[in-house]
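K.L.:
My structure is in input-v8.csv, and what it holds is CSV, C-alpha atoms:
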```
chain,number,residue,atom,x,y,z
A,1,MET,CA,118.5,-64.0,73.1
A,2,ALA,CA,118.0,-65.3,69.5
A,3,ALA,CA,120.9,-67.7,69.6
A,4,SER,CA,121.2,-70.5,72.0
A,5,PRO,CA,124.1,-70.7,74.5
A,6,TRP,CA,125.1,-74.0,73.0
A,7,SER,CA,125.6,-72.6,69.5
A,8,LEU,CA,127.3,-69.5,70.8
A,9,SER,CA,129.6,-71.6,72.9
A,10,GLU,CA,130.6,-73.8,70.1
A,11,ASP,CA,131.1,-71.1,67.5
A,12,SER,CA,133.2,-68.8,69.8
A,13,SER,CA,135.2,-71.5,71.4
A,14,SER,CA,135.9,-73.1,68.0
A,15,SER,CA,137.5,-69.9,66.8
A,16,ALA,CA,139.5,-69.7,70.0
A,17,MET,CA,140.7,-73.3,69.7
A,18,GLU,CA,141.7,-72.7,66.1
A,19,GLU,CA,143.7,-69.6,67.0
A,20,GLY,CA,145.4,-71.3,69.9
A,21,SER,CA,146.2,-74.6,68.3
A,22,GLY,CA,147.8,-74.2,64.9
A,23,THR,CA,149.1,-77.3,63.2
A,24,GLY,CA,151.3,-78.2,60.4
A,25,GLY,CA,150.3,-80.5,57.6
A,26,GLU,CA,147.6,-80.2,55.1
A,27,PRO,CA,144.9,-77.5,55.9
A,28,GLY,CA,141.4,-78.9,55.8
A,29,VAL,CA,142.5,-82.3,56.9
A,30,ALA,CA,144.7,-82.1,60.0
A,31,GLU,CA,143.0,-79.1,61.6
A,32,PRO,CA,139.4,-80.5,61.6
A,33,VAL,CA,140.7,-83.8,63.0
A,34,LEU,CA,142.7,-81.9,65.7
A,35,HIS,CA,139.7,-79.8,66.5
A,36,ALA,CA,137.5,-82.8,66.9
A,37,ALA,CA,140.0,-84.5,69.2
A,38,LEU,CA,140.3,-81.4,71.4
A,39,HIS,CA,136.6,-81.0,71.5
A,40,VAL,CA,136.2,-84.5,72.9
A,41,ARG,CA,138.8,-83.7,75.6
A,42,ALA,CA,136.9,-80.5,76.4
A,43,VAL,CA,133.7,-82.5,76.9
A,44,SER,CA,135.5,-84.9,79.2
A,45,LEU,CA,136.8,-81.9,81.2
A,46,VAL,CA,133.3,-80.5,81.5
A,47,GLY,CA,132.1,-83.8,83.1
A,48,PHE,CA,135.0,-83.6,85.6
A,49,LEU,CA,134.3,-79.9,86.4
A,50,LEU,CA,130.6,-80.7,87.0
A,51,GLN,CA,131.6,-83.4,89.5
A,52,LYS,CA,133.9,-80.9,91.3
A,53,PHE,CA,131.1,-78.4,91.4
A,54,ARG,CA,128.7,-81.0,92.9
A,55,THR,CA,131.2,-81.8,95.7
A,56,LYS,CA,132.2,-78.2,96.2
A,57,GLN,CA,135.8,-79.0,95.7
A,58,PRO,CA,138.5,-76.9,94.1
A,59,THR,CA,140.7,-78.3,91.3
A,60,SER,CA,144.1,-77.7,89.7
A,61,GLN,CA,145.7,-77.7,86.3
A,62,ALA,CA,147.5,-80.9,87.2
A,63,GLU,CA,144.1,-82.6,88.0
A,64,MET,CA,142.6,-81.4,84.8
A,65,LEU,CA,145.6,-82.4,82.7
A,66,ALA,CA,145.2,-85.9,84.1
A,67,ILE,CA,141.7,-85.9,82.6
A,68,VAL,CA,142.5,-84.5,79.2
A,69,GLY,CA,146.0,-86.1,78.9
A,70,GLU,CA,149.4,-85.0,80.0
A,71,ASP,CA,150.5,-84.8,76.4
A,72,GLU,CA,148.0,-82.0,75.8
A,73,GLN,CA,149.8,-79.4,77.9
A,74,ASP,CA,150.3,-77.0,74.9
A,75,ALA,CA,146.6,-77.3,73.9
A,76,PHE,CA,145.4,-77.1,77.5
A,77,PRO,CA,144.5,-73.4,77.5
A,78,GLY,CA,142.2,-73.8,74.5
A,79,ILE,CA,140.6,-77.0,76.0
A,80,LEU,CA,140.1,-75.2,79.3
A,81,GLY,CA,138.7,-72.2,77.6
A,82,GLN,CA,136.1,-74.2,75.7
A,83,ALA,CA,135.1,-76.2,78.8
A,84,SER,CA,134.9,-73.0,80.9
A,85,GLU,CA,132.6,-71.3,78.3
A,86,CYS,CA,130.3,-74.3,78.3
A,87,MET,CA,130.2,-74.3,82.1
A,88,ARG,CA,129.3,-70.6,82.1
A,89,LEU,CA,126.8,-70.5,79.3
A,90,VAL,CA,125.0,-73.8,79.7
A,91,PHE,CA,125.3,-74.5,83.5
A,92,GLY,CA,125.8,-71.0,84.9
A,93,VAL,CA,129.0,-71.9,86.6
A,94,GLU,CA,132.3,-69.9,86.5
A,95,VAL,CA,135.7,-71.6,86.5
A,96,LYS,CA,137.8,-69.1,88.5
A,97,GLU,CA,141.6,-69.3,88.9
A,98,VAL,CA,142.3,-68.3,92.5
A,99,ASP,CA,146.1,-68.9,92.6
A,100,PRO,CA,147.9,-68.3,89.3
A,101,GLY,CA,151.2,-69.6,90.8
A,102,GLU,CA,149.7,-72.9,91.8
A,103,HIS,CA,147.2,-73.0,88.9
A,104,SER,CA,144.3,-73.7,91.3
A,105,TYR,CA,140.6,-73.1,90.4
A,106,VAL,CA,137.2,-72.9,92.2
A,107,LEU,CA,133.8,-73.3,90.7
A,108,VAL,CA,131.1,-70.9,91.6
A,109,THR,CA,127.6,-69.9,90.3
A,110,VAL,CA,127.6,-66.8,88.1
A,111,LEU,CA,126.4,-63.4,89.3
A,112,GLY,CA,126.5,-64.3,93.0
A,113,LEU,CA,123.3,-66.5,92.7
A,114,THR,CA,123.3,-69.1,95.5
A,115,CYS,CA,120.9,-71.6,93.9
A,116,ASP,CA,122.3,-74.8,92.6
A,117,ALA,CA,118.9,-75.9,91.5
A,118,MET,CA,119.9,-79.6,91.3
A,119,LEU,CA,116.5,-81.1,91.5
A,120,SER,CA,117.7,-84.7,91.1
A,121,GLY,CA,120.1,-84.8,94.1
A,122,GLU,CA,123.8,-85.5,93.5
A,123,GLN,CA,123.1,-86.7,89.9
A,124,GLY,CA,121.4,-83.5,88.9
A,125,LEU,CA,123.0,-80.8,86.8
A,126,PRO,CA,123.3,-77.2,87.8
A,127,LYS,CA,120.5,-75.1,86.3
A,128,THR,CA,121.7,-71.6,87.1
A,129,GLY,CA,122.5,-70.9,83.4
A,130,LEU,CA,118.8,-71.2,82.6
A,131,LEU,CA,117.8,-69.0,85.4
A,132,VAL,CA,120.2,-66.2,84.2
A,133,VAL,CA,118.8,-66.5,80.7
A,134,LEU,CA,115.3,-66.2,82.1
A,135,LEU,CA,116.2,-63.2,84.2
A,136,GLY,CA,117.6,-61.6,81.1
A,137,VAL,CA,114.5,-62.3,79.1
A,138,ILE,CA,112.4,-60.6,81.8
A,139,LEU,CA,114.7,-57.5,81.6
A,140,LEU,CA,114.5,-57.3,77.9
A,141,GLU,CA,110.7,-57.4,78.1
A,142,GLY,CA,110.6,-54.4,80.3
A,143,ASP,CA,110.8,-56.2,83.7
A,144,ARG,CA,107.7,-58.3,83.1
A,145,ALA,CA,107.8,-61.1,80.5
A,146,PRO,CA,104.6,-62.6,79.1
A,147,GLU,CA,104.6,-66.4,79.6
A,148,GLU,CA,104.3,-67.0,75.8
A,149,VAL,CA,107.4,-64.8,75.2
A,150,VAL,CA,109.4,-66.7,77.8
A,151,TRP,CA,108.6,-70.1,76.2
A,152,GLU,CA,109.3,-68.8,72.8
A,153,ALA,CA,112.8,-67.6,73.9
A,154,LEU,CA,113.5,-70.8,75.7
A,155,GLY,CA,112.4,-72.8,72.7
A,156,VAL,CA,115.4,-71.5,70.8
A,157,MET,CA,117.5,-73.4,73.4
A,158,GLY,CA,115.4,-76.5,72.9
A,159,VAL,CA,113.6,-76.0,76.2
A,160,TYR,CA,109.8,-76.6,75.9
A,161,ALA,CA,107.0,-76.6,78.5
A,162,GLY,CA,105.9,-80.1,79.3
A,163,GLU,CA,108.9,-81.8,77.7
A,164,GLU,CA,111.6,-83.4,79.8
A,165,HIS,CA,115.0,-81.8,79.1
A,166,ILE,CA,118.3,-83.7,79.6
A,167,ILE,CA,119.7,-80.9,81.8
A,168,PHE,CA,116.8,-78.9,83.1
A,169,GLY,CA,114.2,-81.7,83.7
A,170,GLU,CA,110.6,-80.6,83.2
A,171,PRO,CA,111.0,-76.8,82.8
A,172,ARG,CA,107.4,-75.7,83.6
A,173,GLU,CA,107.7,-77.2,87.1
A,174,LEU,CA,111.1,-75.5,87.4
A,175,LEU,CA,109.9,-72.1,86.3
A,176,THR,CA,106.4,-71.9,87.8
A,177,ASN,CA,107.0,-73.8,91.0
A,178,VAL,CA,110.6,-74.4,92.2
A,179,TRP,CA,112.0,-71.0,91.4
A,180,VAL,CA,108.9,-69.3,92.5
A,181,GLN,CA,109.1,-71.0,95.9
A,182,GLU,CA,112.8,-70.2,96.1
A,183,GLY,CA,112.0,-66.5,95.5
A,184,TYR,CA,113.9,-66.1,92.2
A,185,LEU,CA,110.7,-65.6,90.1
A,186,GLU,CA,107.2,-64.3,90.4
A,187,TYR,CA,104.6,-66.0,88.2
A,188,ARG,CA,101.3,-64.2,88.2
A,189,GLN,CA,98.1,-63.7,86.2
A,190,VAL,CA,97.9,-60.5,84.2
A,191,PRO,CA,95.0,-58.5,85.6
A,192,GLY,CA,92.0,-57.9,83.4
A,193,CYS,CA,92.8,-60.6,80.8
A,194,ASP,CA,90.2,-62.9,79.5
A,195,PRO,CA,91.2,-65.6,78.7
A,196,ALA,CA,93.7,-65.6,81.5
A,197,ARG,CA,97.3,-64.8,80.7
A,198,TYR,CA,100.4,-65.1,82.9
A,199,GLU,CA,103.7,-63.3,83.2
A,200,PHE,CA,107.1,-63.7,84.9
A,201,LEU,CA,108.9,-61.1,87.0
A,202,TRP,CA,112.0,-61.1,89.1
A,203,GLY,CA,111.4,-62.5,92.6
A,204,PRO,CA,112.7,-60.9,95.8
A,205,ARG,CA,115.6,-63.3,96.1
A,206,ALA,CA,116.9,-62.4,92.6
A,207,HIS,CA,116.8,-58.7,93.6
A,208,VAL,CA,118.8,-59.5,96.8
A,209,GLU,CA,121.5,-61.7,95.2
A,210,THR,CA,122.1,-59.9,92.0
A,211,SER,CA,121.2,-56.7,90.2
A,212,ARG,CA,119.7,-55.6,86.9
A,213,LEU,CA,123.0,-54.0,85.9
A,214,GLN,CA,125.0,-57.1,86.7
A,215,VAL,CA,122.7,-59.2,84.6
A,216,LEU,CA,122.8,-56.7,81.7
A,217,GLU,CA,126.6,-56.7,81.9
A,218,TYR,CA,126.6,-60.5,81.8
A,219,LEU,CA,124.3,-60.6,78.8
A,220,LEU,CA,126.5,-58.2,76.9
A,221,ARG,CA,129.6,-60.3,77.8
A,222,VAL,CA,128.2,-63.6,76.7
A,223,TYR,CA,125.8,-62.4,73.9
A,224,PRO,CA,127.8,-59.5,72.3
A,225,GLY,CA,125.4,-59.3,69.4
A,226,LEU,CA,122.5,-58.0,71.6
A,227,PRO,CA,121.4,-54.5,70.6
A,228,VAL,CA,122.6,-52.1,73.3
A,229,SER,CA,119.5,-49.9,73.0
A,230,SER,CA,117.3,-52.8,74.1
A,231,LEU,CA,119.3,-53.2,77.3
A,232,ALA,CA,118.9,-49.6,78.5
A,233,PRO,CA,117.5,-49.6,82.0
A,234,SER,CA,114.3,-47.8,82.8
A,235,GLU,CA,114.2,-44.9,85.2
A,236,GLU,CA,112.4,-47.1,87.7
A,237,ALA,CA,115.1,-49.7,87.5
A,238,VAL,CA,117.9,-47.2,87.9
A,239,SER,CA,116.2,-45.7,90.9
A,240,HIS,CA,115.8,-49.2,92.4
A,241,GLU,CA,119.5,-49.9,91.9
A,242,GLU,CA,120.5,-46.6,93.5
A,243,GLU,CA,118.3,-47.3,96.5
A,244,ARG,CA,119.9,-50.7,96.9
A,245,ALA,CA,123.4,-49.2,96.7
```
Once you've parsed the file, please lay out its structure as structure tokens.

P.N.:
Amino acid sequence: MAASPWSLSEDSSSSAMEEGSGTGGEPGVAEPVLHAALHVRAVSLVGFLLQKFRTKQPTSQAEMLAIVGEDEQDAFPGILGQASECMRLVFGVEVKEVDPGEHSYVLVTVLGLTCDAMLSGEQGLPKTGLLVVLLGVILLEGDRAPEEVVWEALGVMGVYAGEEHIIFGEPRELLTNVWVQEGYLEYRQVPGCDPARYEFLWGPRAHVETSRLQVLEYLLRVYPGLPVSSLAPSEEAVSHEEERA
């Protein structure tokens, strides 16, 4: 969890864009200019996809090409890949192709989570990506994460308690109130601590909608640099998963 989804998204999608959009001309001049232009188109596509997610509407390649430009058909796979990665890592939304023949897509929250967590109504942004990161932090801390560890991890992403965030709003309210009430998290005082300390655990709704193994698989897919040994499930967690199955 040491690298933010934003930096990971840009690094990995940059390499994908460079592989998929070779150009002629002078290296070091044409390629950066082309990359910057395609990045701008990917940002526009993210805005379009967020609107589709808000309205729960499917979309198509034709609609997306109308946003990025009809003349970008050859570069479209790279643009869509960069936009899809941003949607997944930052917002927790998957862009899934449901009909390859028609090139149609739907937008769904990752890992089967049903919360949109748009606290600002229609103008809010999906916050599932932050919830998945938090569930992962809890797992990496042995199924109960001290509050100070959680804020340290989220600080790497530029998310700080008491500071308004452009996507997530005021995160302390989101973590300790909204997601607790929705059943995704437990936030409780650690027994026997003076002064008082608090910790986060998975809530009952998180256990119902997803599983430890699904979250671990997701973390390994989007953060391949994580040490595998740190993700080994405990005997208690394995037993719990088997009982659910």

K.L.:
Atom CA of Gly69 of chain A and atom CA of Val95 of chain A are how many Å apart?

P.N.:
19.3 Å

K.L.:
Taking (140.7, -71.7, 89.2) in the file's coordinates, which residues come within 7 Å, counting all atoms listed in the file, written as a list in words?

P.N.:
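Those within range, by chain then number, are Thr59, Ser60, Val95, Lys96, Glu97, Val98, Asp99, His103, Ser104, Tyr105 and Val106 of chain A.
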
K.L.:
Hey, can you check how far atom CA of Tyr184 of chain A sits from atom CA of Val90 of chain A?

P.N.:
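Going from atom CA of Tyr184 of chain A over to atom CA of Val90 of chain A covers 18.4 Å.
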
K.L.:
Kindly give the distance, in Å, that separates atom CA of Val132 of chain A and atom CA of Gly92 of chain A, rounded to a single decimal.

P.N.:
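If I compute the distance from atom CA of Val132 of chain A to atom CA of Gly92 of chain A, I get 7.4 Å.
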
K.L.:
Could you list as a list of chain:residue names every residue that has an atom within 12 Å of (121.5, -84.9, 79.9), using the file's coordinates and counting all atoms listed in the file?

P.N.:
A:Gly47, A:Val90, A:Phe91, A:Ser120, A:Gln123, A:Gly124, A:Leu125, A:Pro126, A:Lys127, A:Glu164, A:His165, A:Ile166, A:Ile167, A:Phe168, A:Gly169

K.L.:
Have a look at A:Leu134, A:Val156, A:Ala196, A:Ala75 and name the one nearest to Trp179 of chain A; count all atoms listed in the file.

P.N.:
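Using all atoms listed in the file, Trp179 of chain A sits closest to A:Leu134.
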
K.L.:
Counting all atoms listed in the file, which residue out of A:Leu135, A:Lys56, A:Gly142, A:Leu130 sits closest to Glu186 of chain A?

P.N.:
A:Leu135

K.L.:
Mind checking which residues fall within 9 Å of Ser84 of chain A, counting all atoms listed in the file, ignoring those fewer than 5 positions away in the same chain, and posting them as a list of chain:residue names?

P.N.:
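Final neighbour list, sorted by chain and number: A:Ala42, A:Val46, A:Leu49, A:Ile79, A:Leu89, A:Val93, A:Glu94, A:Val95.
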
K.L.:
Between A:Val43, A:Leu140, A:Ala37, A:Leu65, which is the closest to Val215 of chain A once you count all atoms listed in the file?

P.N.:
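With all atoms listed in the file as the atom set, the closest residue is A:Leu140.
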
K.L.:
In terms of the shortest atom-to-atom distance over all atoms listed in the file, which of A:Gly183, A:Met64, A:Gly162, A:Glu170 is closest to Val208 of chain A?

P.N.:
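Counting all atoms listed in the file, the residue closest to Val208 of chain A is A:Gly183.
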
K.L.:
My list of candidates is A:Ser44, A:Thr109, A:Gln61, A:Gln214. Which is closest to Thr128 of chain A when distances are computed with only C-alpha atoms?

P.N.:
A:Thr109
